[in-house]
Amino acid sequence: MSTRPYPFHEGRNVAWDLVVWRGDFERVVIAALSGEDIVQVRGDFDRGDDAWMYNVYPVPNAVLPTIADLVPGVQLDLELEHFIEARQDLPGGELWFPEHGELPPGHVPPP
């Protein structure tokens with residue numbers, strides 16, 4: 001077992017992107033969301049035991065106005081599918097992976 005600290009505990013070193021998938025399978029990042037933003041909206045999502053939304057979550061249309069308030073100046077299109085996607089955001093852009101044979105104590109957001 002590694003002695004390295006788990007870098008994503010309590011939402012640390014994670015960034016969340018508000019993403020729209022267009023009909024032609026084009027992924028477009030609309031805005032980056034902070035941990036404070038996620039704290040404001042995570043109660044509006046069915047996330048089970050994933051308190052820090054480390055996975056990909058579709059944004060229900062009912063939640064879009066709240067999300068729009070977090071990204072002023074961005075027009076969200078109700079006809080498109082919006083998602084919140086987590087990713088690693090470690091200092092210096094480095095990536096973190098468990099050592100061989102080590103299981104992380106939580107989900108590792110993709111780079």
# chains A, B, ... in the order shown; residues from 1 in each chain; ligands from 1
call {"tool": "residues_around", "arguments": {"residues": "region 11-14 of chain A", "least_positions_apart": "3", "cutoff": "6 Å", "atoms": "only C-alpha atoms", "output": "VMD selection string"}}
result
chain A and resid 8 52 87 to 90
call {"tool": "select_by_dssp", "arguments": {"residues": "chain A", "states": "strand (DSSP E)", "output": "PDB file with C-alpha atoms, in the first residue's frame"}}
result
ATOM      1  CA  VAL A  14     -10.864  18.105  -9.186  1.00  0.00           C
ATOM      2  CA  ALA A  15     -12.392  20.404 -11.773  1.00  0.00           C
ATOM      3  CA  TRP A  16     -15.851  19.983 -13.210  1.00  0.00           C
ATOM      4  CA  ASP A  17     -16.768  20.946 -16.747  1.00  0.00           C
ATOM      5  CA  LEU A  18     -20.204  21.890 -17.987  1.00  0.00           C
ATOM      6  CA  VAL A  19     -20.335  20.104 -21.322  1.00  0.00           C
ATOM      7  CA  VAL A  20     -22.846  19.916 -24.135  1.00  0.00           C
ATOM      8  CA  TRP A  21     -22.944  17.079 -26.630  1.00  0.00           C
ATOM      9  CA  ARG A  27     -18.224  17.447 -27.205  1.00  0.00           C
ATOM     10  CA  VAL A  28     -18.169  21.161 -26.378  1.00  0.00           C
ATOM     11  CA  VAL A  29     -16.968  22.440 -23.001  1.00  0.00           C
ATOM     12  CA  ILE A  30     -19.085  25.431 -22.040  1.00  0.00           C
ATOM     13  CA  ALA A  31     -17.479  26.350 -18.718  1.00  0.00           C
ATOM     14  CA  ALA A  32     -15.392  25.036 -15.846  1.00  0.00           C
ATOM     15  CA  LEU A  33     -17.148  24.786 -12.483  1.00  0.00           C
ATOM     16  CA  VAL A  56     -20.462  12.212 -15.496  1.00  0.00           C
ATOM     17  CA  TYR A  57     -23.930  13.504 -14.671  1.00  0.00           C
ATOM     18  CA  PRO A  58     -26.645  14.660 -17.056  1.00  0.00           C
ATOM     19  CA  GLU A  81     -28.037  17.651 -23.581  1.00  0.00           C
ATOM     20  CA  HIS A  82     -25.839  19.169 -20.863  1.00  0.00           C
ATOM     21  CA  PHE A  83     -23.555  17.213 -18.549  1.00  0.00           C
ATOM     22  CA  ILE A  84     -21.261  17.864 -15.626  1.00  0.00           C
ATOM     23  CA  GLU A  85     -18.038  15.904 -16.026  1.00  0.00           C
ATOM     24  CA  ALA A  86     -15.252  15.624 -13.444  1.00  0.00           C
ATOM     25  CA  ARG A  87     -11.558  15.630 -14.295  1.00  0.00           C
ATOM     26  CA  GLN A  88      -8.240  15.693 -12.477  1.00  0.00           C
TER      27      GLN A  88
END
call {"tool": "closest_residue", "arguments": {"among": "A:Pro65, A:Pro111, A:Gly35, A:Pro72", "to": "Met53 (chain A)", "atoms": "only C-alpha atoms"}}
result
A:Gly35
call {"tool": "closest_residue", "arguments": {"among": "A:Pro5, A:Pro109, A:Gly92, A:Pro104", "to": "Asn55 (chain A)", "atoms": "only C-alpha atoms"}}
result
A:Pro109
call {"tool": "closest_residue", "arguments": {"among": "A:Arg47, A:Arg42, A:Arg4, A:His9", "to": "His107 (chain A)", "atoms": "only C-alpha atoms"}}
result
A:His9
call {"tool": "residues_around", "arguments": {"residues": "Leu78 (chain A)", "least_positions_apart": "5", "cutoff": "12 Å", "atoms": "only C-alpha atoms", "output": "list in words"}}
result
Val20, Arg22, Val59, Pro60, Asn61, Ala62, Val63, Leu64, Pro65 and Ala68 of chain A
call {"tool": "atom_distance", "arguments": {"atom1": "CA of Phe45 (chain A)", "atom2": "CA of Asp24 (chain A)"}}
result
26.1 Å
call {"tool": "atom_distance", "arguments": {"atom1": "CA of Gly73 (chain A)", "atom2": "CA of Gln40 (chain A)"}}
result
18.8 Å
call {"tool": "select_by_dssp", "arguments": {"residues": "chain A", "states": "alpha helix (DSSP H)", "output": "PyMOL selection string"}}
result
chain A and resi 35-41+64-70
call {"tool": "write_last_selection", "arguments": {"atoms": "all heavy atoms", "output": "compact mmCIF listing (two decimals), in the first residue's frame"}}
result
# COMPACT_ATOMS: atom_id res chain seq x y z
N GLY A 35 -15.33 23.83 -7.10
CA GLY A 35 -15.87 23.03 -6.00
C GLY A 35 -17.02 23.72 -5.31
O GLY A 35 -17.99 23.09 -4.90
N GLU A 36 -16.93 25.05 -5.18
CA GLU A 36 -18.02 25.82 -4.55
C GLU A 36 -19.29 25.74 -5.40
O GLU A 36 -20.40 25.65 -4.87
CB GLU A 36 -17.60 27.29 -4.37
CG GLU A 36 -16.49 27.50 -3.36
CD GLU A 36 -15.10 27.22 -3.92
OE1 GLU A 36 -14.90 27.26 -5.16
OE2 GLU A 36 -14.19 26.95 -3.11
N ASP A 37 -19.11 25.76 -6.72
CA ASP A 37 -20.26 25.62 -7.62
C ASP A 37 -20.92 24.25 -7.43
O ASP A 37 -22.15 24.13 -7.34
CB ASP A 37 -19.85 25.76 -9.09
CG ASP A 37 -19.35 27.14 -9.44
OD1 ASP A 37 -19.72 28.12 -8.76
OD2 ASP A 37 -18.57 27.26 -10.41
N ILE A 38 -20.10 23.21 -7.34
CA ILE A 38 -20.62 21.85 -7.18
C ILE A 38 -21.37 21.72 -5.86
O ILE A 38 -22.43 21.09 -5.79
CB ILE A 38 -19.49 20.82 -7.31
CG1 ILE A 38 -18.94 20.82 -8.74
CG2 ILE A 38 -19.95 19.43 -6.92
CD1 ILE A 38 -19.96 20.55 -9.84
N VAL A 39 -20.84 22.32 -4.81
CA VAL A 39 -21.53 22.27 -3.51
C VAL A 39 -22.93 22.88 -3.63
O VAL A 39 -23.88 22.38 -3.04
CB VAL A 39 -20.69 23.00 -2.42
CG1 VAL A 39 -21.51 23.23 -1.17
CG2 VAL A 39 -19.44 22.18 -2.10
N GLN A 40 -23.07 23.94 -4.42
CA GLN A 40 -24.37 24.59 -4.58
C GLN A 40 -25.38 23.73 -5.33
O GLN A 40 -26.57 23.83 -5.06
CB GLN A 40 -24.21 25.92 -5.34
CG GLN A 40 -23.55 27.00 -4.54
CD GLN A 40 -23.50 28.30 -5.33
OE1 GLN A 40 -24.47 28.67 -5.99
NE2 GLN A 40 -22.37 28.97 -5.27
N VAL A 41 -24.93 22.89 -6.27
CA VAL A 41 -25.88 22.17 -7.12
C VAL A 41 -25.94 20.67 -6.90
O VAL A 41 -26.86 20.02 -7.39
CB VAL A 41 -25.60 22.44 -8.62
CG1 VAL A 41 -25.74 23.92 -8.94
CG2 VAL A 41 -24.25 21.90 -9.06
N LEU A 64 -31.07 23.46 -15.10
CA LEU A 64 -30.33 24.34 -16.00
C LEU A 64 -30.36 25.81 -15.58
O LEU A 64 -29.32 26.48 -15.66
CB LEU A 64 -30.81 24.19 -17.43
CG LEU A 64 -30.19 23.03 -18.21
CD1 LEU A 64 -30.79 22.93 -19.60
CD2 LEU A 64 -28.69 23.13 -18.27
N PRO A 65 -31.49 26.37 -15.10
CA PRO A 65 -31.44 27.77 -14.67
C PRO A 65 -30.45 28.00 -13.52
O PRO A 65 -29.75 29.03 -13.50
CB PRO A 65 -32.87 28.06 -14.23
CG PRO A 65 -33.70 27.09 -14.99
CD PRO A 65 -32.86 25.85 -15.10
N THR A 66 -30.35 27.07 -12.59
CA THR A 66 -29.39 27.20 -11.50
C THR A 66 -27.96 27.14 -12.03
O THR A 66 -27.10 27.92 -11.63
CB THR A 66 -29.60 26.08 -10.46
OG1 THR A 66 -30.95 26.12 -10.01
CG2 THR A 66 -28.67 26.22 -9.28
N ILE A 67 -27.72 26.21 -12.96
CA ILE A 67 -26.39 26.10 -13.57
C ILE A 67 -26.07 27.37 -14.35
O ILE A 67 -24.96 27.89 -14.30
CB ILE A 67 -26.33 24.87 -14.50
CG1 ILE A 67 -26.54 23.57 -13.72
CG2 ILE A 67 -25.02 24.84 -15.27
CD1 ILE A 67 -25.45 23.20 -12.76
N ALA A 68 -27.06 27.90 -15.07
CA ALA A 68 -26.85 29.13 -15.85
C ALA A 68 -26.44 30.29 -14.95
O ALA A 68 -25.64 31.13 -15.37
CB ALA A 68 -28.11 29.48 -16.64
N ASP A 69 -26.95 30.33 -13.73
CA ASP A 69 -26.56 31.39 -12.79
C ASP A 69 -25.08 31.29 -12.40
O ASP A 69 -24.46 32.28 -12.02
CB ASP A 69 -27.42 31.34 -11.53
CG ASP A 69 -28.85 31.78 -11.77
OD1 ASP A 69 -29.11 32.43 -12.80
OD2 ASP A 69 -29.70 31.48 -10.91
N LEU A 70 -24.51 30.07 -12.47
CA LEU A 70 -23.11 29.86 -12.10
C LEU A 70 -22.16 30.29 -13.22
O LEU A 70 -20.98 30.51 -12.97
CB LEU A 70 -22.86 28.39 -11.76
CG LEU A 70 -23.64 27.82 -10.59
CD1 LEU A 70 -23.35 26.34 -10.44
CD2 LEU A 70 -23.32 28.56 -9.30
call {"tool": "closest_residue", "arguments": {"among": "A:Tyr54, A:Glu99, A:Pro91, A:Leu80", "to": "Gly23 (chain A)", "atoms": "only C-alpha atoms"}}
result
A:Leu80
call {"tool": "atom_distance", "arguments": {"atom1": "CA of Pro98 (chain A)", "atom2": "CA of Tyr6 (chain A)"}}
result
8.9 Å
